[in-house]
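Asker: Let me begin by handing over the structure; questions about it come next.
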Amino acid sequence: MPVKKAGKVLLHHVPLKFVRDRVAGGGRRGVDAPIALVPFIDFLITLVVFLLSMFNASGELLAQVPSITMPEAENTVPLEIAPIIQIDARLVMLDGGKVADVDALRQDTETVVIEKLLQGLEKVRRDWGMLHPAESFPGTVIMQVDQAVDFDIIKRVMASAAAAGYANVSFAVNNAGDSI
């Protein structure tokens with residue numbers, strides 16, 4: 001078999017005129033459009049600069065629950081990454097998931113530790129240990145508490161955190177002055 005000149009050969013041997021016109025392009029623009037590389041690179045650079053400018057590495061609470069009015073403080077330190085316990089007038093939540101009802105906690109005065117919160121914090125601690133096997137557990141938890149919540153509820157949440165091994169409790173507040 002002789003060597004032939006390279007070129008478009010797909011469906012060119014079909015004797016029907018409309019097939020040949022379709023395969024040859026029929027005088028129309030090609031289906032393949034080249035991508036303009038320079039505008040594409042400009043777009044990607046703009047996207048990267050935008051994402052870097054929007055990145056926040058200070059550990060601030062980005063999603064403050066609207067039902068929680070936090071107190072203000074003048075002397076603050078930046079928050080670390082830690083589990084967040086949110087307490088408002090109705091619910092106690094761990095990282096956004098409901099763990100207890102405040103009304104039920106007010107009625108049940110005998111139990112000190114909130115069992116579901118304790119289990120959730122222990123699970124977070126086990127997961128942290130799997131992800132950081134060579135490091136010691138910092139035991140830090142952040143509490144985002146509404147100003148109107150009774151101290152008895154806060155005390156029970158802190159007792160549950162201590163029972164789960166979280167000895168360092170930080171309270172999230174609104175910054176009213178300069179940070180340390």
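Identifiers for the structure tokens are assigned positionally: chains receive A, B, ... in sequence, residues are indexed from 1 per chain, and ligands are indexed from 1 in the order shown.
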Hey, could you make a per-residue contact list for segment 75-120 of chain A against segment 125-128 of chain A with 12 Å as the cut-off, showing the nearest pair of atoms and its distance in Å to one decimal, counting only C-alpha atoms, sorted by chain and number, as a tab-separated table?

Answerer:
residue	atom	partner	partner_atom	distance
A:Ile81	CA	A:Trp128	CA	11.5
A:Ala82	CA	A:Trp128	CA	10.0
A:Pro83	CA	A:Arg125	CA	9.4
A:Leu118	CA	A:Arg125	CA	10.5
A:Gln119	CA	A:Arg125	CA	9.8
A:Gly120	CA	A:Arg125	CA	8.7

Asker: Would you save the residues of that selection, restricted to N, CA and C atoms, as a PDB file, in the first residue's frame?

Answerer:
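Saved file out31.pdb follows:
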ATOM      1  N   ILE A  81      -8.418  28.589  65.676  1.00  0.00           N
ATOM      2  CA  ILE A  81      -9.361  27.623  65.123  1.00  0.00           C
ATOM      3  C   ILE A  81      -9.673  26.606  66.213  1.00  0.00           C
ATOM      4  N   ALA A  82     -10.939  26.524  66.573  1.00  0.00           N
ATOM      5  CA  ALA A  82     -11.384  25.639  67.646  1.00  0.00           C
ATOM      6  C   ALA A  82     -12.878  25.392  67.470  1.00  0.00           C
ATOM      7  N   PRO A  83     -13.404  24.370  68.152  1.00  0.00           N
ATOM      8  CA  PRO A  83     -14.854  24.162  68.102  1.00  0.00           C
ATOM      9  C   PRO A  83     -15.586  25.369  68.689  1.00  0.00           C
ATOM     10  N   LEU A 118     -21.215  16.915  75.450  1.00  0.00           N
ATOM     11  CA  LEU A 118     -20.031  16.159  75.854  1.00  0.00           C
ATOM     12  C   LEU A 118     -19.623  15.171  74.765  1.00  0.00           C
ATOM     13  N   GLN A 119     -20.577  14.438  74.214  1.00  0.00           N
ATOM     14  CA  GLN A 119     -20.279  13.473  73.154  1.00  0.00           C
ATOM     15  C   GLN A 119     -19.759  14.170  71.895  1.00  0.00           C
ATOM     16  N   GLY A 120     -20.351  15.298  71.539  1.00  0.00           N
ATOM     17  CA  GLY A 120     -19.893  16.036  70.359  1.00  0.00           C
ATOM     18  C   GLY A 120     -18.478  16.551  70.517  1.00  0.00           C
TER      19      GLY A 120
END

Asker: Tell me, as an MDAnalysis selection string, which residues lie within 9 Å of Gln144 of chain A, counting only C-alpha atoms; anything in the same chain fewer than 2 positions away does not count.

Answerer: chainID A and resid 64:65 68 70 84:88 142 146 170:173

Asker: Show me, as a PDB file with N, CA and C atoms, in the first residue's frame, the residues that have an atom within 12 Å of Asp108 of chain A when counting only C-alpha atoms, minus same-chain residues fewer than 5 positions from it.

Answerer:
ATOM      1  N   ALA A 100     -28.653  21.036  72.535  1.00  0.00           N
ATOM      2  CA  ALA A 100     -29.536  21.124  73.702  1.00  0.00           C
ATOM      3  C   ALA A 100     -30.514  22.277  73.530  1.00  0.00           C
ATOM      4  N   ASP A 101     -31.613  22.171  74.254  1.00  0.00           N
ATOM      5  CA  ASP A 101     -32.639  23.208  74.298  1.00  0.00           C
ATOM      6  C   ASP A 101     -32.494  23.939  75.625  1.00  0.00           C
ATOM      7  N   VAL A 102     -32.408  25.257  75.600  1.00  0.00           N
ATOM      8  CA  VAL A 102     -32.175  26.050  76.811  1.00  0.00           C
ATOM      9  C   VAL A 102     -33.335  25.897  77.796  1.00  0.00           C
ATOM     10  N   ASP A 103     -34.572  25.855  77.314  1.00  0.00           N
ATOM     11  CA  ASP A 103     -35.717  25.690  78.223  1.00  0.00           C
ATOM     12  C   ASP A 103     -35.657  24.348  78.954  1.00  0.00           C
ATOM     13  N   VAL A 113     -23.763  18.086  83.536  1.00  0.00           N
ATOM     14  CA  VAL A 113     -23.119  17.937  82.239  1.00  0.00           C
ATOM     15  C   VAL A 113     -24.187  17.701  81.172  1.00  0.00           C
ATOM     16  N   ILE A 114     -24.050  18.396  80.048  1.00  0.00           N
ATOM     17  CA  ILE A 114     -24.945  18.212  78.904  1.00  0.00           C
ATOM     18  C   ILE A 114     -24.376  17.066  78.073  1.00  0.00           C
ATOM     19  N   ASP A 152     -26.242  30.083  84.749  1.00  0.00           N
ATOM     20  CA  ASP A 152     -26.374  28.652  85.043  1.00  0.00           C
ATOM     21  C   ASP A 152     -26.185  27.819  83.764  1.00  0.00           C
ATOM     22  N   ILE A 153     -26.739  28.291  82.670  1.00  0.00           N
ATOM     23  CA  ILE A 153     -26.585  27.583  81.389  1.00  0.00           C
ATOM     24  C   ILE A 153     -25.128  27.621  80.952  1.00  0.00           C
ATOM     25  N   ARG A 156     -23.040  25.192  82.975  1.00  0.00           N
ATOM     26  CA  ARG A 156     -23.230  23.795  82.578  1.00  0.00           C
ATOM     27  C   ARG A 156     -22.513  23.486  81.263  1.00  0.00           C
TER      28      ARG A 156
END

Asker: Neighbours of Leu117 of chain A within 9 Å (only C-alpha atoms; same-chain residues fewer than 6 positions away dropped), as a ChimeraX atom specification?

Answerer: /A:85,92-94,98-100,157,160-161,164

Asker: I'd like the neighbourhood of Asn168 of chain A as a tab-separated table (two decimals) with N, CA and C atoms, in the first residue's frame, where a residue qualifies if any of its atoms comes within 10 Å (using only C-alpha atoms), though same-chain residues fewer than 2 positions away should be ignored.

Answerer:
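Just written: out_35.tsv:
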chain	number	residue	atom	x	y	z
A	138	PRO	N	-4.64	20.92	72.30
A	138	PRO	CA	-4.66	22.23	72.96
A	138	PRO	C	-5.84	22.41	73.91
A	139	GLY	N	-6.95	21.73	73.67
A	139	GLY	CA	-8.11	21.82	74.56
A	139	GLY	C	-8.77	23.18	74.58
A	140	THR	N	-8.84	23.84	73.42
A	140	THR	CA	-9.45	25.16	73.34
A	140	THR	C	-10.83	25.07	72.72
A	141	VAL	N	-11.78	25.77	73.30
A	141	VAL	CA	-13.13	25.85	72.77
A	141	VAL	C	-13.55	27.33	72.81
A	142	ILE	N	-14.30	27.75	71.79
A	142	ILE	CA	-14.78	29.14	71.72
A	142	ILE	C	-16.27	29.14	72.03
A	158	MET	N	-19.78	25.04	80.27
A	158	MET	CA	-18.36	25.01	80.62
A	158	MET	C	-17.99	23.72	81.34
A	161	ALA	N	-17.68	21.10	78.69
A	161	ALA	CA	-16.44	21.27	77.94
A	161	ALA	C	-15.25	20.76	78.76
A	162	ALA	N	-15.23	21.06	80.06
A	162	ALA	CA	-14.15	20.59	80.92
A	162	ALA	C	-14.15	19.08	81.03
A	165	GLY	N	-12.44	17.50	78.16
A	165	GLY	CA	-11.01	17.75	78.03
A	165	GLY	C	-10.66	19.11	77.46
A	166	TYR	N	-11.61	20.02	77.43
A	166	TYR	CA	-11.37	21.37	76.92
A	166	TYR	C	-11.22	22.31	78.11
A	170	SER	N	-12.49	30.26	75.46
A	170	SER	CA	-12.43	31.64	74.98
A	170	SER	C	-13.85	32.09	74.68

Asker: Could you write out, as a list in words, all the residues of segment 98-141 of chain A that DSSP marks as strand (DSSP E or B)?

Answerer: Lys98, Val99, Ala100, Asp101, Thr140 and Val141 of chain A
